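Heads up, protein06.cif below (mmCIF, C-alpha atoms):
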data_start
loop_
_atom_site.group_PDB
_atom_site.id
_atom_site.type_symbol
_atom_site.label_atom_id
_atom_site.label_comp_id
_atom_site.auth_asym_id
_atom_site.auth_seq_id
_atom_site.Cartn_x
_atom_site.Cartn_y
_atom_site.Cartn_z
ATOM 1 C CA ALA A 1 -0.357 82.826 -59.770
ATOM 2 C CA GLN A 2 -2.918 81.406 -57.322
ATOM 3 C CA GLY A 3 -2.107 83.765 -54.439
ATOM 4 C CA GLY A 4 0.108 81.322 -52.591
ATOM 5 C CA ARG A 5 3.014 82.097 -50.305
ATOM 6 C CA LEU A 6 6.506 80.682 -50.030
ATOM 7 C CA LEU A 7 7.515 79.050 -46.732
ATOM 8 C CA ALA A 8 11.268 78.367 -46.674
ATOM 9 C CA PHE A 9 13.193 76.414 -44.040
ATOM 10 C CA GLY A 10 16.498 74.732 -43.262
ATOM 11 C CA ASN A 11 19.045 74.173 -40.481
ATOM 12 C CA GLY A 12 22.350 75.961 -39.885
ATOM 13 C CA GLY A 13 23.744 77.459 -43.078
ATOM 14 C CA SER A 14 20.675 76.171 -44.911
ATOM 15 C CA SER A 15 18.556 78.244 -42.518
ATOM 16 C CA THR A 16 20.411 81.342 -43.665
ATOM 17 C CA ASP A 17 19.881 80.291 -47.277
ATOM 18 C CA ALA A 18 16.152 79.793 -46.611
ATOM 19 C CA GLN A 19 15.973 83.302 -45.159
ATOM 20 C CA ASP A 20 17.845 84.642 -48.190
ATOM 21 C CA LEU A 21 15.429 82.878 -50.534
ATOM 22 C CA ALA A 22 12.434 84.374 -48.733
ATOM 23 C CA SER A 23 13.979 87.846 -48.812
ATOM 24 C CA LEU A 24 14.511 87.654 -52.579
ATOM 25 C CA PHE A 25 10.758 87.681 -53.101
ATOM 26 C CA LEU A 26 10.402 90.877 -51.055
ATOM 27 C CA SER A 27 13.521 92.708 -52.238
ATOM 28 C CA PRO A 28 13.431 96.035 -54.028
ATOM 29 C CA SER A 29 14.985 94.360 -57.083
ATOM 30 C CA SER A 30 11.839 92.243 -57.513
ATOM 31 C CA PRO A 31 9.424 93.720 -60.052
ATOM 32 C CA ARG A 32 6.624 92.954 -57.605
ATOM 33 C CA PRO A 33 6.911 91.716 -54.040
ATOM 34 C CA LEU A 34 5.594 88.221 -53.415
ATOM 35 C CA PRO A 35 4.707 86.825 -49.972
ATOM 36 C CA ALA A 36 7.530 84.701 -48.609
ATOM 37 C CA PHE A 37 8.515 83.687 -45.094
ATOM 38 C CA GLY A 38 11.610 82.133 -43.558
ATOM 39 C CA LEU A 39 10.448 79.698 -40.878
ATOM 40 C CA THR A 40 13.608 80.261 -38.821
ATOM 41 C CA ASN A 41 13.100 84.022 -38.480
ATOM 42 C CA ASP A 42 11.126 83.964 -35.209
ATOM 43 C CA ILE A 43 13.516 82.728 -32.530
ATOM 44 C CA ALA A 44 10.802 82.775 -29.846
ATOM 45 C CA VAL A 45 8.719 80.324 -31.888
ATOM 46 C CA ILE A 46 11.771 78.176 -32.667
ATOM 47 C CA THR A 47 12.884 77.892 -29.050
ATOM 48 C CA ALA A 48 9.354 77.319 -27.741
ATOM 49 C CA LEU A 49 8.686 74.485 -30.198
ATOM 50 C CA CYS A 50 12.086 72.908 -29.600
ATOM 51 C CA ASN A 51 11.774 73.131 -25.824
ATOM 52 C CA ASP A 52 8.104 72.221 -25.423
ATOM 53 C CA ILE A 53 7.631 69.639 -28.172
ATOM 54 C CA GLY A 54 10.903 68.764 -29.901
ATOM 55 C CA PHE A 55 13.263 69.906 -32.621
ATOM 56 C CA GLU A 56 11.846 67.401 -35.106
ATOM 57 C CA VAL A 57 8.566 69.373 -35.356
ATOM 58 C CA VAL A 58 9.977 72.905 -35.514
ATOM 59 C CA PHE A 59 9.023 73.359 -39.188
ATOM 60 C CA ALA A 60 6.071 70.961 -39.439
ATOM 61 C CA ARG A 61 4.166 72.818 -36.691
ATOM 62 C CA GLN A 62 4.667 76.143 -38.425
ATOM 63 C CA ILE A 63 3.572 74.695 -41.751
ATOM 64 C CA ALA A 64 0.495 73.195 -40.064
ATOM 65 C CA ALA A 65 -0.354 76.640 -38.669
ATOM 66 C CA PHE A 66 0.494 78.830 -41.662
ATOM 67 C CA GLY A 67 0.386 76.565 -44.726
ATOM 68 C CA ARG A 68 -2.442 76.562 -47.252
ATOM 69 C CA SER A 69 -3.054 74.429 -50.309
ATOM 70 C CA HIS A 70 -1.751 77.024 -52.797
ATOM 71 C CA ASP A 71 1.431 77.696 -50.832
ATOM 72 C CA ILE A 72 4.910 76.414 -51.624
ATOM 73 C CA ALA A 73 7.204 74.764 -49.070
ATOM 74 C CA VAL A 74 10.917 74.912 -49.883
ATOM 75 C CA GLY A 75 13.343 73.027 -47.644
ATOM 76 C CA LEU A 76 17.108 73.213 -47.968
ATOM 77 C CA SER A 77 19.544 70.664 -46.552
ATOM 78 C CA THR A 78 23.125 69.784 -47.390
ATOM 79 C CA SER A 79 22.703 66.172 -46.225
ATOM 80 C CA GLY A 80 19.045 65.633 -47.100
ATOM 81 C CA ASN A 81 18.635 63.732 -43.840
ATOM 82 C CA SER A 82 17.264 66.302 -41.383
ATOM 83 C CA VAL A 83 14.280 64.797 -39.583
ATOM 84 C CA ASN A 84 12.672 68.201 -39.050
ATOM 85 C CA LEU A 85 12.714 68.816 -42.824
ATOM 86 C CA LEU A 86 11.318 65.361 -43.582
ATOM 87 C CA ARG A 87 8.429 65.960 -41.164
ATOM 88 C CA ALA A 88 7.826 69.416 -42.642
ATOM 89 C CA PHE A 89 7.582 68.013 -46.173
ATOM 90 C CA ASP A 90 5.116 65.376 -45.005
ATOM 91 C CA GLU A 91 2.957 68.043 -43.352
ATOM 92 C CA ALA A 92 3.121 70.347 -46.383
ATOM 93 C CA ASN A 93 2.124 67.470 -48.642
ATOM 94 C CA ARG A 94 -0.764 66.605 -46.331
ATOM 95 C CA LEU A 95 -2.029 70.170 -46.716
ATOM 96 C CA GLY A 96 -1.769 70.014 -50.507
ATOM 97 C CA MET A 97 1.131 72.441 -50.756
ATOM 98 C CA LEU A 98 3.656 72.296 -53.580
ATOM 99 C CA THR A 99 6.901 70.979 -52.083
ATOM 100 C CA VAL A 100 10.423 71.680 -53.290
ATOM 101 C CA GLY A 101 13.516 70.111 -51.768
ATOM 102 C CA ILE A 102 17.085 71.247 -52.315
ATOM 103 C CA ALA A 103 19.641 68.743 -51.037
ATOM 104 C CA GLY A 104 23.268 67.731 -51.417
ATOM 105 C CA TYR A 105 25.295 64.523 -51.589
ATOM 106 C CA ASP A 106 22.877 61.897 -53.020
ATOM 107 C CA GLY A 107 19.717 63.590 -51.715
ATOM 108 C CA GLY A 108 19.725 61.542 -48.519
ATOM 109 C CA LYS A 109 16.366 60.605 -47.041
ATOM 110 C CA MET A 110 14.759 63.485 -48.909
ATOM 111 C CA ALA A 111 15.286 61.458 -52.094
ATOM 112 C CA GLU A 112 13.167 58.669 -50.591
ATOM 113 C CA LEU A 113 10.163 60.870 -49.738
ATOM 114 C CA ASP A 114 6.980 60.741 -51.777
ATOM 115 C CA SER A 115 5.968 64.050 -50.201
ATOM 116 C CA ILE A 116 8.497 66.127 -52.188
ATOM 117 C CA ASP A 117 7.155 67.201 -55.589
ATOM 118 C CA TYR A 118 10.461 68.541 -56.936
ATOM 119 C CA LEU A 119 13.854 67.582 -55.541
ATOM 120 C CA PHE A 120 17.036 69.271 -56.711
ATOM 121 C CA VAL A 121 20.189 67.409 -55.684
ATOM 122 C CA VAL A 122 23.703 68.818 -55.796
ATOM 123 C CA PRO A 123 25.808 65.637 -56.114
ATOM 124 C CA SER A 124 28.953 66.649 -54.256
ATOM 125 C CA PRO A 125 30.793 65.414 -51.152
ATOM 126 C CA SER A 126 31.761 69.022 -50.269
ATOM 127 C CA VAL A 127 29.381 71.006 -48.055
ATOM 128 C CA HIS A 128 30.929 74.227 -49.383
ATOM 129 C CA ARG A 129 30.299 73.280 -53.031
ATOM 130 C CA ILE A 130 26.778 72.062 -52.167
ATOM 131 C CA GLN A 131 25.855 75.361 -50.534
ATOM 132 C CA GLU A 132 27.356 77.401 -53.371
ATOM 133 C CA ALA A 133 25.408 75.414 -55.958
ATOM 134 C CA GLN A 134 22.213 75.555 -53.879
ATOM 135 C CA THR A 135 22.481 79.343 -53.714
ATOM 136 C CA THR A 136 22.765 79.504 -57.493
ATOM 137 C CA LEU A 137 19.853 77.084 -57.836
ATOM 138 C CA TYR A 138 17.405 78.979 -55.644
ATOM 139 C CA HIS A 139 18.384 82.264 -57.280
ATOM 140 C CA LEU A 140 17.512 80.700 -60.645
ATOM 141 C CA LEU A 141 14.191 79.437 -59.283
ATOM 142 C CA TRP A 142 13.456 82.937 -58.005
ATOM 143 C CA GLU A 143 14.264 84.461 -61.399
ATOM 144 C CA LEU A 144 11.893 82.010 -63.081
ATOM 145 C CA THR A 145 9.019 83.355 -60.966
ATOM 146 C CA LEU A 146 9.519 86.974 -62.053
#

Written as structure tokens, that's how I'd like the structure from this file.
Amino acid sequence: AQGGRLLAFGNGGSSTDAQDLASLFLSPSSPRPLPAFGLTNDIAVITALCNDIGFEVVFARQIAAFGRSHDIAVGLSTSGNSVNLLRAFDEANRLGMLTVGIAGYDGGKMAELDSIDYLFVVPSPSVHRIQEAQTTLYHLLWELTL
């Protein structure tokens, strides 16, 4: 409503889910396309940041460069413990972005962060069940924005 953009991120399978979430906002089935970006889409940026600075900043640096106060940062993690996600949420919060975490198990370290505005936790010990539920969850969040 305020012209913000969605910046989505995650590692491994959660990276694919973050890319899927971003693509939902641009898909032909959306009544109107909304600006959304998957922060793992540019492999040159990913490898440069990981090689030159460190994997822990791979998302925080992109958020620092691209994030604005009306944007939304959405991070997905099955464990909730990924350091690069924790740093990204802290950076997004510093910029005044709305932050949304989607985690599994008990929320991990994401559940301890003050920098996450909304945290959705899938309380399961199964990575497969966590990812299935997270997919349903972010699809519901997408539908609520239409």

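Nearest residue to Ser69 of chain A, choosing from A:Glu91, A:Asp106, A:Asp20, A:Asp114 and counting only C-alpha atoms: A:Glu91.
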
(request) Name every residue that the PyMOL selection byres ((chain A and resi 87) around 12) selects in this structure, writing the answer as a ChimeraX atom specification with chains first and numbers rising. (result) /A:9,54-64,73,75,81-86,88-94,109-110,113-116

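Using only C-alpha atoms for every distance, the candidate list A:Met97, A:Ile102, A:Leu34, A:Leu119 yields A:Ile102 as the residue closest to Gly10 of chain A.
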
(request) With a distance cut-off of 12 Å and all atoms listed in the file, select the neighbouring residues of Leu137 of chain A, excluding the residue or stretch itself and same-chain residues fewer than 2 positions from it, and output the selection as a list in words. (result)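 Surrounding residues, per the criterion: Asp17, Leu21, Leu76, Val100, Gly101, Ile102, Ala103, Gly104, Leu119, Phe120, Val121, Val122, Ile130, Gln131, Glu132, Ala133, Gln134, Thr135, His139, Leu140, Leu141, Trp142, Glu143 and Leu144 of chain A.
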
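The coordinates place atom CA of Ile46 of chain A at 14.4 Å from atom CA of Phe66 of chain A.
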
(message) So the first atom is atom CA of Asp52 of chain A and the second is atom CA of Arg68 of chain A; what is the distance between them in Å, to one decimal place?
(response)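 Computing the Euclidean distance for atom CA of Asp52 of chain A and atom CA of Arg68 of chain A yields 24.6 Å.
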
Step by step: start from the point (-1.2, 76.2, -52.4) in the file's coordinates, keep every protein, DNA or RNA residue that has an atom no farther than 9 Å from it, count only C-alpha atoms, and write the set as a tab-separated table (two decimals) with C-alpha atoms, keeping the file's coordinate frame.
chain	number	residue	atom	x	y	z
A	2	GLN	CA	-2.92	81.41	-57.32
A	3	GLY	CA	-2.11	83.76	-54.44
A	4	GLY	CA	0.11	81.32	-52.59
A	5	ARG	CA	3.01	82.10	-50.30
A	67	GLY	CA	0.39	76.56	-44.73
A	68	ARG	CA	-2.44	76.56	-47.25
A	69	SER	CA	-3.05	74.43	-50.31
A	70	HIS	CA	-1.75	77.02	-52.80
A	71	ASP	CA	1.43	77.70	-50.83
A	72	ILE	CA	4.91	76.41	-51.62
A	95	LEU	CA	-2.03	70.17	-46.72
A	96	GLY	CA	-1.77	70.01	-50.51
A	97	MET	CA	1.13	72.44	-50.76
A	98	LEU	CA	3.66	72.30	-53.58
